[in-house]
Amino acid sequence: MPPAIRVENLVKEFRRARQHSGFLGGVRTLFTRQCDTVRAVDGVSFRVEPGELVGYIGPNGAGKSTTIKMMTGILVPTSGTVEVAGVTPWRDREKNSLQIGVVFGQRSQLWWDLPLVESFKLIAKLYRISEPMYRRNLDRFVSMLEMEEFLERPVRQLSLGQRMRGDLAAAMLYEPRILYLDEPTVGLDAVAKEKMRTFIEEMNRVADTTIVLTTHDLADVERLCTRIILIDHGRVLYDGNVEYLKAKYAPHRVLVVRLDPEAAAAGVTVDPSDVAGAEIVEQADGVARVRFESARTPVHDLIAALNARYAIADLSIVEPDLEGVVRQIYAEPAALVP
Amino acid sequence: MTVAVFHRDFQRTGRWRDLPAYAQIVRSRFKLVVTYRQAAFFLLAVVVVQIFVLREVWGSLYASRSSVNGLDKHALIVYLTIANLQGWVMQDPTVSRYMYERVRQGLVAFDLIRPVGFVPQMFAHIAGSALATMLFVVPALPIVAFVGSLDAPASASAGLLYLLSLTCAYALASVISLVLGMVAFWTTEIQGLTMLYRLVSQFFAGALVPLSFFPDAIRIPAEFMPFQSMVYTPVAIYVGHLREAAAFEAIGVQAVWVALVCVGAWAMWRRALFRVAVQGG
């Protein structure tokens, strides 16, 4: 099976007129035509297989949206190749458009001043879907995304969460094979986020839609993606498994040891020599936080050793989260060896 | 919650398969204009005031004579009334403003990923907006006739030629509006340009003063501009100022302008597609 998306050595440069600063700077800008070339995307390559749900993440200005725009065909790259289900998006626009759906969290494809359902009707006509298919998908999405109550309301009166659900339904109404989600959960509350995630998951797992998701909310990625592509300064820093990234980059877990209150009151503390192969990072009020690498120090050994010496009230393990991993990578990208 | 695996069944093939899509855009745009009818009424009020002012000014200029350049006072007022009424429908800024806003907010991305062409979509917007405006024209006619003056066409053939000429004028105005909107792909900002266009086109189109009244220094350059084809030509045919051979010749000139502007728009669009910079992250 050919890949759903193939991106090779993709480069996009933008030219920006240089702005002069200061009082007369504005006037100078008006009369001089100096341009700076900015490489927003600098040699990105990856493949996405059919049915994958890939997280495409990176800090602001990393080149995520620019890549997405080139994959959708609305932006023509400076050089490099993009193929989406065998089609070069900006050359064969029509064929490409029938197989992709797009949600941009920052902007909406819905008609601002008309009832939500009007936008759905328009999309059904634009994408030439049959009346039964329209009915079936609309009914299904209305119940999945709980849109019944605001279907007839003008989009400008919808809350952000409602509008985003509308946008998601609009992008899936014609059953595209590939769905691009550019920050679909930005600014949403926890409940709305959860509805979006459940829907995205269903579209991927059950309807077998290939999905590329960009987000700043790494909880989205942890919940939905098995694979992530991490980019910064227009280059791919990491492409692979989420678990592997965590294991590689955040090998440490933390064992939180709560000593028996009586012992704690008596001034008992965990002695560093009792936790061989681990490190006590914090100890106060009878609670010790012990950091360890599970690959080197098996957790059961650690617990056995502590149990043998101390009266323990409670134990818990804190897993590393993607957030911390990514923060670390952005801080020192050179350290990352894929 | 269950989702069956999708069964894709895209319908319709052949040349007319996108017609329902355009029809839906026309319907939606129509609804939108009707939703914001107060804006349409406001524009209508501007037109009514303009016609009234023109009638007063020209009435006092005509006080001492019965005919200027072969147009009598009544024909002139009819000319100005129809020209301004027609200009109201034709100078519809809907599509250039729509394109400007879509580009400025980065929403043009969605128009570009549709399976139907961007330019035909824009024409559907124009059509929807024009249909809605027509809805306001009919009830406006008595008021317009009251502040200005309305009259039947000079003759039956003038009436028919007027319709032909009006169609050309309307096509020309629409394509120019599209071109103005396209400028936004390069500059992002077009409001100054559209304002300039409105002023210049109104003046050189003969919506304030019939072209035949201009001194040669303005009239001759105006003959080489597309604007007179938008207002002066059809209305001059209507009131019988352009007849027979002159009328046919003027319609021929209109057709040439439509063709030229279409070629220009097409060339511009091909470049615009590769110039697209969608705003925002």
# chains A, B, ... in the order shown; residues from 1 in each chain; ligands from 1
$ residues_around --residues "region 27-41 of chain B" --least-positions-apart "3" --cutoff "8 Å" --atoms "only C-alpha atoms" --output "PyMOL selection string"
(chain A and resi 113-114+118) or (chain B and resi 23-24+44-45+125+128-129+131-133+136)
$ write_last_selection --atoms "N, CA and C atoms" --output "mmCIF file, in the first residue's frame"
data_model
loop_
_atom_site.group_PDB
_atom_site.id
_atom_site.type_symbol
_atom_site.label_atom_id
_atom_site.label_comp_id
_atom_site.auth_asym_id
_atom_site.auth_seq_id
_atom_site.Cartn_x
_atom_site.Cartn_y
_atom_site.Cartn_z
ATOM 1 N N ASP A 113 -22.302 34.204 9.583
ATOM 2 C CA ASP A 113 -23.586 34.857 9.846
ATOM 3 C C ASP A 113 -24.792 33.971 9.599
ATOM 4 N N LEU A 114 -24.560 32.741 9.162
ATOM 5 C CA LEU A 114 -25.703 31.878 8.848
ATOM 6 C C LEU A 114 -25.774 30.716 9.840
ATOM 7 N N GLU A 118 -26.537 25.514 7.572
ATOM 8 C CA GLU A 118 -26.334 26.052 6.216
ATOM 9 C C GLU A 118 -24.938 25.700 5.697
ATOM 10 N N ALA B 23 -25.190 26.922 -6.954
ATOM 11 C CA ALA B 23 -26.543 27.331 -6.579
ATOM 12 C C ALA B 23 -26.651 27.496 -5.068
ATOM 13 N N GLN B 24 -25.970 26.602 -4.344
ATOM 14 C CA GLN B 24 -26.017 26.700 -2.883
ATOM 15 C C GLN B 24 -25.287 27.953 -2.383
ATOM 16 N N LEU B 44 -29.172 52.099 -0.270
ATOM 17 C CA LEU B 44 -30.249 52.617 -1.103
ATOM 18 C C LEU B 44 -30.512 54.088 -0.771
ATOM 19 N N ALA B 45 -30.514 54.397 0.524
ATOM 20 C CA ALA B 45 -30.732 55.785 0.949
ATOM 21 C C ALA B 45 -29.671 56.699 0.349
ATOM 22 N N HIS B 125 -20.931 34.116 -5.616
ATOM 23 C CA HIS B 125 -21.178 35.140 -4.587
ATOM 24 C C HIS B 125 -21.765 36.394 -5.219
ATOM 25 N N GLY B 128 -25.404 35.775 -6.181
ATOM 26 C CA GLY B 128 -26.300 35.755 -5.022
ATOM 27 C C GLY B 128 -26.574 37.151 -4.508
ATOM 28 N N SER B 129 -25.502 37.935 -4.461
ATOM 29 C CA SER B 129 -25.631 39.292 -3.970
ATOM 30 C C SER B 129 -26.494 40.133 -4.914
ATOM 31 N N LEU B 131 -28.840 39.047 -6.965
ATOM 32 C CA LEU B 131 -30.235 38.608 -6.839
ATOM 33 C C LEU B 131 -30.906 39.284 -5.645
ATOM 34 N N ALA B 132 -30.177 39.306 -4.524
ATOM 35 C CA ALA B 132 -30.740 39.905 -3.319
ATOM 36 C C ALA B 132 -30.967 41.396 -3.531
ATOM 37 N N THR B 133 -29.999 42.054 -4.209
ATOM 38 C CA THR B 133 -30.136 43.483 -4.437
ATOM 39 C C THR B 133 -31.359 43.781 -5.308
ATOM 40 N N PHE B 136 -34.429 44.484 -3.621
ATOM 41 C CA PHE B 136 -34.631 45.812 -3.055
ATOM 42 C C PHE B 136 -34.952 46.846 -4.130
#
$ residues_around --residues "Met225 (chain B)" --least-positions-apart "4" --cutoff "9 Å" --atoms "only C-alpha atoms" --output "number ranges by chain"
B: 204-205, 221, 229, 257
$ residues_around --residues "region 300-307 of chain A" --least-positions-apart "4" --cutoff "12 Å" --atoms "only C-alpha atoms" --output "MDAnalysis selection string"
chainID A and resid 254:260 269:279 288 290:294 296 311:317
$ write_last_selection --atoms "C-alpha atoms" --output "tab-separated table (two decimals), in the first residue's frame"
chain	number	residue	atom	x	y	z
A	254	VAL	CA	9.60	9.08	40.70
A	255	LEU	CA	8.58	6.86	43.60
A	256	VAL	CA	6.71	8.81	46.23
A	257	VAL	CA	7.13	7.18	49.65
A	258	ARG	CA	4.84	8.22	52.47
A	259	LEU	CA	6.16	6.96	55.78
A	260	ASP	CA	3.93	5.79	58.55
A	269	THR	CA	13.70	9.80	57.33
A	270	VAL	CA	14.68	7.68	54.37
A	271	ASP	CA	18.44	7.29	54.25
A	272	PRO	CA	20.05	7.70	50.79
A	273	SER	CA	22.10	4.53	51.31
A	274	ASP	CA	18.88	2.50	51.49
A	275	VAL	CA	17.85	3.36	47.96
A	276	ALA	CA	20.73	2.00	45.92
A	277	GLY	CA	20.63	3.05	42.26
A	278	ALA	CA	18.18	5.84	42.98
A	279	GLU	CA	18.26	9.38	44.25
A	288	ALA	CA	10.24	11.22	50.22
A	290	VAL	CA	12.85	9.01	45.02
A	291	ARG	CA	13.91	9.37	41.40
A	292	PHE	CA	15.04	6.26	39.58
A	293	GLU	CA	15.59	4.84	36.12
A	294	SER	CA	13.44	1.78	35.65
A	296	ARG	CA	18.60	0.22	35.73
A	311	ALA	CA	7.08	1.45	58.10
A	312	ILE	CA	5.40	2.69	54.96
A	313	ALA	CA	1.90	4.13	54.76
A	314	ASP	CA	1.64	4.61	51.04
A	315	LEU	CA	3.59	4.31	47.80
A	316	SER	CA	2.93	5.81	44.40
A	317	ILE	CA	4.80	6.15	41.12
$ residues_around --residues "region 180-191 of chain A" --least-positions-apart "3" --cutoff "6 Å" --atoms "only C-alpha atoms" --output "list in words"
Val102, Val103, Phe104, Gly105, Gly161, Glu194, Ile211, Val212, Leu213, Thr214 and Thr215 of chain A
$ interface_residues --of "chain A" --to "chain B" --cutoff "6 Å" --atoms "only C-alpha atoms" --output "PyMOL selection string"
chain A and resi 65+94+97+122+125-126+128-130+207
$ select_by_dssp --residues "region 20-223 of chain A" --states "strand (DSSP E or B)" --output "PyMOL selection string"
chain A and resi 35-48+53-57+79-84+87+100-104+115+129+154+178-182+210-214
$ write_last_selection --atoms "N, CA and C atoms" --output "short mmCIF file (atom, residue, chain, number, x, y, z; two decimals), in the first residue's frame"
data_model
loop_
_atom_site.label_atom_id
_atom_site.label_comp_id
_atom_site.auth_asym_id
_atom_site.auth_seq_id
_atom_site.Cartn_x
_atom_site.Cartn_y
_atom_site.Cartn_z
N CYS A 35 14.75 42.85 1.52
CA CYS A 35 13.99 41.69 1.96
C CYS A 35 14.88 40.74 2.74
N ASP A 36 14.31 40.15 3.76
CA ASP A 36 14.98 39.07 4.46
C ASP A 36 14.32 37.78 4.03
N THR A 37 15.13 36.75 3.82
CA THR A 37 14.56 35.45 3.50
C THR A 37 14.52 34.61 4.77
N VAL A 38 13.34 34.10 5.06
CA VAL A 38 13.18 33.28 6.25
C VAL A 38 12.83 31.87 5.79
N ARG A 39 13.56 30.90 6.31
CA ARG A 39 13.25 29.50 5.99
C ARG A 39 12.32 28.95 7.06
N ALA A 40 11.05 28.89 6.73
CA ALA A 40 10.08 28.42 7.72
C ALA A 40 10.12 26.89 7.83
N VAL A 41 10.33 26.25 6.68
CA VAL A 41 10.45 24.79 6.66
C VAL A 41 11.75 24.49 5.93
N ASP A 42 12.61 23.69 6.57
CA ASP A 42 13.99 23.57 6.09
C ASP A 42 14.37 22.11 5.91
N GLY A 43 13.84 21.49 4.86
CA GLY A 43 14.24 20.11 4.56
C GLY A 43 13.53 19.06 5.39
N VAL A 44 12.23 19.13 5.42
CA VAL A 44 11.46 18.16 6.21
C VAL A 44 11.10 16.94 5.35
N SER A 45 11.31 15.76 5.89
CA SER A 45 10.90 14.52 5.22
C SER A 45 10.20 13.60 6.21
N PHE A 46 9.11 13.01 5.79
CA PHE A 46 8.48 11.94 6.58
C PHE A 46 7.43 11.26 5.72
N ARG A 47 6.94 10.13 6.21
CA ARG A 47 5.85 9.43 5.57
C ARG A 47 4.79 9.14 6.60
N VAL A 48 3.56 9.12 6.15
CA VAL A 48 2.48 8.72 7.04
C VAL A 48 1.75 7.58 6.34
N LEU A 53 -2.36 7.88 13.03
CA LEU A 53 -2.73 9.15 13.65
C LEU A 53 -1.44 9.73 14.21
N VAL A 54 -0.92 10.71 13.51
CA VAL A 54 0.41 11.23 13.83
C VAL A 54 0.31 12.60 14.46
N GLY A 55 1.04 12.78 15.54
CA GLY A 55 1.12 14.10 16.17
C GLY A 55 2.28 14.87 15.55
N TYR A 56 1.99 16.07 15.06
CA TYR A 56 3.04 16.89 14.45
C TYR A 56 3.23 18.07 15.37
N ILE A 57 4.27 18.02 16.17
CA ILE A 57 4.36 19.05 17.20
C ILE A 57 5.66 19.83 17.17
N SER A 79 10.91 24.24 -2.52
CA SER A 79 11.41 23.03 -3.17
C SER A 79 10.96 21.82 -2.37
N GLY A 80 11.16 20.65 -2.96
CA GLY A 80 10.78 19.43 -2.26
C GLY A 80 9.48 18.84 -2.81
N THR A 81 9.13 17.69 -2.25
CA THR A 81 7.98 16.95 -2.76
C THR A 81 6.94 16.72 -1.67
N VAL A 82 5.70 16.83 -2.06
CA VAL A 82 4.61 16.37 -1.19
C VAL A 82 3.69 15.52 -2.06
N GLU A 83 3.35 14.34 -1.56
CA GLU A 83 2.36 13.53 -2.24
C GLU A 83 1.34 13.08 -1.22
N VAL A 84 0.09 13.36 -1.51
CA VAL A 84 -0.98 12.95 -0.61
C VAL A 84 -1.85 11.96 -1.37
N VAL A 87 -1.16 12.13 -4.96
CA VAL A 87 -1.48 13.38 -5.66
C VAL A 87 -0.59 14.50 -5.13
N ILE A 100 -9.18 15.20 1.23
CA ILE A 100 -8.68 15.75 2.50
C ILE A 100 -9.74 16.57 3.22
N GLY A 101 -9.65 16.54 4.54
CA GLY A 101 -10.46 17.41 5.39
C GLY A 101 -9.51 18.23 6.24
N VAL A 102 -9.89 19.47 6.54
CA VAL A 102 -9.00 20.35 7.27
C VAL A 102 -9.74 21.06 8.39
N VAL A 103 -9.14 21.07 9.57
CA VAL A 103 -9.66 21.90 10.65
C VAL A 103 -8.51 22.78 11.14
N PHE A 104 -8.71 24.07 11.06
CA PHE A 104 -7.75 25.01 11.63
C PHE A 104 -8.39 25.58 12.89
N PRO A 115 -26.96 30.12 9.97
CA PRO A 115 -27.09 28.96 10.86
C PRO A 115 -26.09 27.86 10.49
N ILE A 129 -21.71 15.09 -2.41
CA ILE A 129 -22.10 13.86 -1.74
C ILE A 129 -23.60 13.67 -1.89
N PRO A 154 -27.02 30.81 14.29
CA PRO A 154 -25.92 31.39 13.49
C PRO A 154 -24.57 31.12 14.15
N ILE A 178 -8.04 11.59 4.45
CA ILE A 178 -6.98 12.19 5.26
C ILE A 178 -7.52 13.44 5.92
N LEU A 179 -7.23 13.58 7.21
CA LEU A 179 -7.74 14.73 7.96
C LEU A 179 -6.56 15.46 8.59
N TYR A 180 -6.48 16.77 8.32
CA TYR A 180 -5.45 17.58 8.97
C TYR A 180 -6.11 18.38 10.07
N LEU A 181 -5.56 18.27 11.26
CA LEU A 181 -6.11 19.02 12.38
C LEU A 181 -5.03 19.95 12.89
N ASP A 182 -5.20 21.23 12.68
CA ASP A 182 -4.20 22.20 13.11
C ASP A 182 -4.69 22.88 14.38
N THR A 210 -6.84 8.67 8.03
CA THR A 210 -5.47 9.02 8.37
C THR A 210 -5.48 10.45 8.91
N ILE A 211 -4.85 10.65 10.07
CA ILE A 211 -4.96 11.97 10.70
C ILE A 211 -3.58 12.53 11.04
N VAL A 212 -3.37 13.79 10.68
CA VAL A 212 -2.17 14.51 11.12
C VAL A 212 -2.66 15.62 12.05
N LEU A 213 -2.14 15.58 13.27
CA LEU A 213 -2.63 16.49 14.31
C LEU A 213 -1.51 17.38 14.79
N THR A 214 -1.69 18.69 14.71
CA THR A 214 -0.72 19.56 15.37
C THR A 214 -1.41 20.15 16.59
#
$ residues_around --residues "Val57 (chain B)" --least-positions-apart "3" --cutoff "12 Å" --atoms "only C-alpha atoms" --output "compact mmCIF listing (two decimals) with N, CA and C atoms, in the first residue's frame"
# COMPACT_ATOMS: atom_id res chain seq x y z
N GLN B 50 -28.25 60.86 -3.54
CA GLN B 50 -27.39 61.26 -4.65
C GLN B 50 -28.23 61.67 -5.87
N ILE B 51 -29.25 60.86 -6.16
CA ILE B 51 -30.11 61.18 -7.30
C ILE B 51 -30.80 62.52 -7.09
N PHE B 52 -31.27 62.74 -5.87
CA PHE B 52 -31.96 63.99 -5.55
C PHE B 52 -31.03 65.20 -5.74
N VAL B 53 -29.81 65.08 -5.20
CA VAL B 53 -28.85 66.18 -5.31
C VAL B 53 -28.53 66.46 -6.78
N LEU B 54 -28.29 65.39 -7.54
CA LEU B 54 -27.96 65.56 -8.96
C LEU B 54 -29.10 66.26 -9.69
N SER B 60 -30.90 73.41 -11.87
CA SER B 60 -30.56 74.84 -11.85
C SER B 60 -29.64 75.19 -13.01
N LEU B 61 -28.80 74.24 -13.42
CA LEU B 61 -27.92 74.51 -14.56
C LEU B 61 -28.72 74.64 -15.86
N TYR B 62 -29.82 73.91 -15.90
CA TYR B 62 -30.65 73.91 -17.11
C TYR B 62 -31.63 75.09 -17.12
N ALA B 63 -31.64 75.86 -16.03
CA ALA B 63 -32.68 76.87 -15.86
C ALA B 63 -32.84 77.77 -17.08
N LYS B 73 -33.61 68.52 -20.60
CA LYS B 73 -33.53 68.40 -19.15
C LYS B 73 -34.15 67.09 -18.65
N LEU B 76 -32.05 64.12 -19.38
CA LEU B 76 -30.86 64.12 -18.53
C LEU B 76 -31.18 63.57 -17.14
N ILE B 77 -32.30 64.04 -16.57
CA ILE B 77 -32.67 63.55 -15.23
C ILE B 77 -32.95 62.04 -15.28
N LEU B 80 -29.58 60.35 -15.37
CA LEU B 80 -28.90 60.33 -14.06
C LEU B 80 -29.57 59.37 -13.09
N GLY B 148 -36.09 61.43 -8.47
CA GLY B 148 -35.48 61.68 -9.77
C GLY B 148 -36.57 61.70 -10.81
N LEU B 208 -22.20 60.82 -12.84
CA LEU B 208 -22.49 62.13 -12.27
C LEU B 208 -22.77 63.15 -13.36
N VAL B 209 -21.98 63.02 -14.43
CA VAL B 209 -22.12 63.91 -15.59
C VAL B 209 -22.07 63.02 -16.83
$ residues_around --residues "region 179-181 of chain B" --least-positions-apart "6" --cutoff "10 Å" --atoms "only C-alpha atoms" --output "MDAnalysis selection string"
chainID B and resid 93:103 122 173 188:191 193:194 197 261:262 264:266 268:269
$ write_last_selection --atoms "N, CA and C atoms" --output "PDB file, in the first residue's frame"
ATOM      1  N   PRO B  93     -19.872  46.028  -3.848  1.00  0.00           N
ATOM      2  CA  PRO B  93     -18.515  45.724  -3.408  1.00  0.00           C
ATOM      3  C   PRO B  93     -18.392  44.348  -2.761  1.00  0.00           C
ATOM      4  N   THR B  94     -19.469  43.570  -2.803  1.00  0.00           N
ATOM      5  CA  THR B  94     -19.487  42.309  -2.066  1.00  0.00           C
ATOM      6  C   THR B  94     -18.262  41.454  -2.309  1.00  0.00           C
ATOM      7  N   VAL B  95     -17.947  41.196  -3.580  1.00  0.00           N
ATOM      8  CA  VAL B  95     -16.931  40.187  -3.827  1.00  0.00           C
ATOM      9  C   VAL B  95     -15.531  40.694  -3.531  1.00  0.00           C
ATOM     10  N   SER B  96     -15.253  41.977  -3.847  1.00  0.00           N
ATOM     11  CA  SER B  96     -13.909  42.459  -3.525  1.00  0.00           C
ATOM     12  C   SER B  96     -13.735  42.536  -2.007  1.00  0.00           C
ATOM     13  N   ARG B  97     -14.793  42.922  -1.309  1.00  0.00           N
ATOM     14  CA  ARG B  97     -14.683  42.985   0.149  1.00  0.00           C
ATOM     15  C   ARG B  97     -14.564  41.583   0.743  1.00  0.00           C
ATOM     16  N   TYR B  98     -15.319  40.656   0.182  1.00  0.00           N
ATOM     17  CA  TYR B  98     -15.262  39.277   0.662  1.00  0.00           C
ATOM     18  C   TYR B  98     -13.854  38.700   0.483  1.00  0.00           C
ATOM     19  N   MET B  99     -13.295  38.911  -0.710  1.00  0.00           N
ATOM     20  CA  MET B  99     -11.954  38.378  -0.966  1.00  0.00           C
ATOM     21  C   MET B  99     -10.928  39.038  -0.056  1.00  0.00           C
ATOM     22  N   TYR B 100     -11.072  40.343   0.110  1.00  0.00           N
ATOM     23  CA  TYR B 100     -10.148  41.070   0.969  1.00  0.00           C
ATOM     24  C   TYR B 100     -10.189  40.519   2.387  1.00  0.00           C
ATOM     25  N   GLU B 101     -11.392  40.304   2.892  1.00  0.00           N
ATOM     26  CA  GLU B 101     -11.506  39.803   4.254  1.00  0.00           C
ATOM     27  C   GLU B 101     -11.035  38.358   4.380  1.00  0.00           C
ATOM     28  N   ARG B 102     -11.317  37.569   3.371  1.00  0.00           N
ATOM     29  CA  ARG B 102     -10.876  36.176   3.418  1.00  0.00           C
ATOM     30  C   ARG B 102      -9.341  36.094   3.412  1.00  0.00           C
ATOM     31  N   VAL B 103      -8.715  36.952   2.593  1.00  0.00           N
ATOM     32  CA  VAL B 103      -7.257  36.928   2.526  1.00  0.00           C
ATOM     33  C   VAL B 103      -6.654  37.463   3.815  1.00  0.00           C
ATOM     34  N   MET B 122     -16.456  32.757  -6.584  1.00  0.00           N
ATOM     35  CA  MET B 122     -16.630  34.198  -6.410  1.00  0.00           C
ATOM     36  C   MET B 122     -17.767  34.709  -7.291  1.00  0.00           C
ATOM     37  N   ALA B 173     -18.346  45.012 -14.791  1.00  0.00           N
ATOM     38  CA  ALA B 173     -18.244  45.454 -13.400  1.00  0.00           C
ATOM     39  C   ALA B 173     -17.875  44.286 -12.492  1.00  0.00           C
ATOM     40  N   THR B 188      -2.532  42.416   0.544  1.00  0.00           N
ATOM     41  CA  THR B 188      -3.322  42.160   1.755  1.00  0.00           C
ATOM     42  C   THR B 188      -4.336  43.264   2.026  1.00  0.00           C
ATOM     43  N   GLU B 189      -3.986  44.495   1.677  1.00  0.00           N
ATOM     44  CA  GLU B 189      -4.846  45.634   1.989  1.00  0.00           C
ATOM     45  C   GLU B 189      -5.338  46.242   0.673  1.00  0.00           C
ATOM     46  N   ILE B 190      -6.662  46.404   0.513  1.00  0.00           N
ATOM     47  CA  ILE B 190      -7.141  46.981  -0.747  1.00  0.00           C
ATOM     48  C   ILE B 190      -8.178  48.067  -0.528  1.00  0.00           C
ATOM     49  N   GLN B 191      -8.389  48.470   0.722  1.00  0.00           N
ATOM     50  CA  GLN B 191      -9.485  49.394   0.970  1.00  0.00           C
ATOM     51  C   GLN B 191      -9.282  50.748   0.305  1.00  0.00           C
ATOM     52  N   LEU B 193      -7.566  51.254  -2.378  1.00  0.00           N
ATOM     53  CA  LEU B 193      -7.720  51.010  -3.815  1.00  0.00           C
ATOM     54  C   LEU B 193      -9.201  50.963  -4.209  1.00  0.00           C
ATOM     55  N   THR B 194     -10.018  50.268  -3.428  1.00  0.00           N
ATOM     56  CA  THR B 194     -11.429  50.164  -3.800  1.00  0.00           C
ATOM     57  C   THR B 194     -12.114  51.520  -3.701  1.00  0.00           C
ATOM     58  N   TYR B 197     -11.117  53.390  -6.723  1.00  0.00           N
ATOM     59  CA  TYR B 197     -11.828  52.819  -7.863  1.00  0.00           C
ATOM     60  C   TYR B 197     -13.258  53.343  -7.933  1.00  0.00           C
ATOM     61  N   VAL B 261     -10.682  42.496 -20.039  1.00  0.00           N
ATOM     62  CA  VAL B 261     -10.616  42.397 -18.581  1.00  0.00           C
ATOM     63  C   VAL B 261     -10.607  40.930 -18.143  1.00  0.00           C
ATOM     64  N   CYS B 262     -11.343  40.095 -18.876  1.00  0.00           N
ATOM     65  CA  CYS B 262     -11.348  38.661 -18.550  1.00  0.00           C
ATOM     66  C   CYS B 262      -9.960  38.058 -18.733  1.00  0.00           C
ATOM     67  N   GLY B 264      -7.132  39.644 -18.624  1.00  0.00           N
ATOM     68  CA  GLY B 264      -6.310  40.211 -17.548  1.00  0.00           C
ATOM     69  C   GLY B 264      -6.552  39.480 -16.236  1.00  0.00           C
ATOM     70  N   ALA B 265      -7.819  39.261 -15.932  1.00  0.00           N
ATOM     71  CA  ALA B 265      -8.170  38.595 -14.676  1.00  0.00           C
ATOM     72  C   ALA B 265      -7.622  37.179 -14.647  1.00  0.00           C
ATOM     73  N   TRP B 266      -7.702  36.514 -15.799  1.00  0.00           N
ATOM     74  CA  TRP B 266      -7.237  35.139 -15.870  1.00  0.00           C
ATOM     75  C   TRP B 266      -5.719  35.068 -15.637  1.00  0.00           C
ATOM     76  N   MET B 268      -3.918  37.238 -14.124  1.00  0.00           N
ATOM     77  CA  MET B 268      -3.650  37.646 -12.752  1.00  0.00           C
ATOM     78  C   MET B 268      -3.916  36.481 -11.802  1.00  0.00           C
ATOM     79  N   TRP B 269      -4.985  35.769 -12.049  1.00  0.00           N
ATOM     80  CA  TRP B 269      -5.355  34.672 -11.168  1.00  0.00           C
ATOM     81  C   TRP B 269      -4.297  33.572 -11.179  1.00  0.00           C
TER      82      TRP B 269
END
$ closest_residue --among "A:Val7, A:Leu145, A:Gly51, A:Pro298" --to "Thr88 (chain A)" --atoms "only C-alpha atoms"
A:Val7
$ residues_around --residues "Asp232 (chain A)" --least-positions-apart "6" --cutoff "10 Å" --atoms "only C-alpha atoms" --output "PyMOL selection string"
chain A and resi 40-42+57-64+238+329-330+333
$ write_last_selection --atoms "C-alpha atoms" --output "PDB file, in the first residue's frame"
ATOM      1  CA  ALA A  40      10.083  28.416   7.721  1.00  0.00           C
ATOM      2  CA  VAL A  41      10.454  24.790   6.656  1.00  0.00           C
ATOM      3  CA  ASP A  42      13.986  23.571   6.090  1.00  0.00           C
ATOM      4  CA  ILE A  57       4.359  19.053  17.205  1.00  0.00           C
ATOM      5  CA  GLY A  58       6.760  21.870  17.804  1.00  0.00           C
ATOM      6  CA  PRO A  59       6.902  25.286  19.473  1.00  0.00           C
ATOM      7  CA  ASN A  60       5.310  28.393  17.963  1.00  0.00           C
ATOM      8  CA  GLY A  61       6.980  29.321  14.703  1.00  0.00           C
ATOM      9  CA  ALA A  62       8.543  25.877  14.259  1.00  0.00           C
ATOM     10  CA  GLY A  63       7.024  25.464  10.789  1.00  0.00           C
ATOM     11  CA  LYS A  64       4.094  23.193  11.660  1.00  0.00           C
ATOM     12  CA  TYR A 238      12.345  13.371  16.231  1.00  0.00           C
ATOM     13  CA  ILE A 329      14.044  18.840  23.933  1.00  0.00           C
ATOM     14  CA  TYR A 330      13.193  22.418  23.005  1.00  0.00           C
ATOM     15  CA  PRO A 333      17.675  20.103  20.771  1.00  0.00           C
TER      16      PRO A 333
END
$ atom_distance --atom1 "CA of Arg6 (chain A)" --atom2 "CA of Ile229 (chain A)"
13.5 Å
$ select_by_dssp --residues "region 67-253 of chain A" --states "alpha helix (DSSP H)" --output "PyMOL selection string"
chain A and resi 67-72+93-99+116-126+131-144+160-172+190-205+218-224+242-249
$ atom_distance --atom1 "CA of Ala247 (chain A)" --atom2 "CA of Cys225 (chain A)"
16.0 Å
$ atom_distance --atom1 "CA of Phe14 (chain A)" --atom2 "CA of Ser177 (chain B)"
28.5 Å
$ decode --residues "region 34-47 of chain A" --atoms "C-alpha atoms" --output "short mmCIF file (atom, residue, chain, number, x, y, z; two decimals), in the first residue's frame"
data_model
loop_
_atom_site.label_atom_id
_atom_site.label_comp_id
_atom_site.auth_asym_id
_atom_site.auth_seq_id
_atom_site.Cartn_x
_atom_site.Cartn_y
_atom_site.Cartn_z
CA GLN A 34 15.22 45.19 1.43
CA CYS A 35 13.99 41.69 1.96
CA ASP A 36 14.98 39.07 4.46
CA THR A 37 14.56 35.45 3.50
CA VAL A 38 13.18 33.28 6.25
CA ARG A 39 13.25 29.50 5.99
CA ALA A 40 10.08 28.42 7.72
CA VAL A 41 10.45 24.79 6.66
CA ASP A 42 13.99 23.57 6.09
CA GLY A 43 14.24 20.11 4.56
CA VAL A 44 11.46 18.16 6.21
CA SER A 45 10.90 14.52 5.22
CA PHE A 46 8.48 11.94 6.58
CA ARG A 47 5.85 9.43 5.57
#
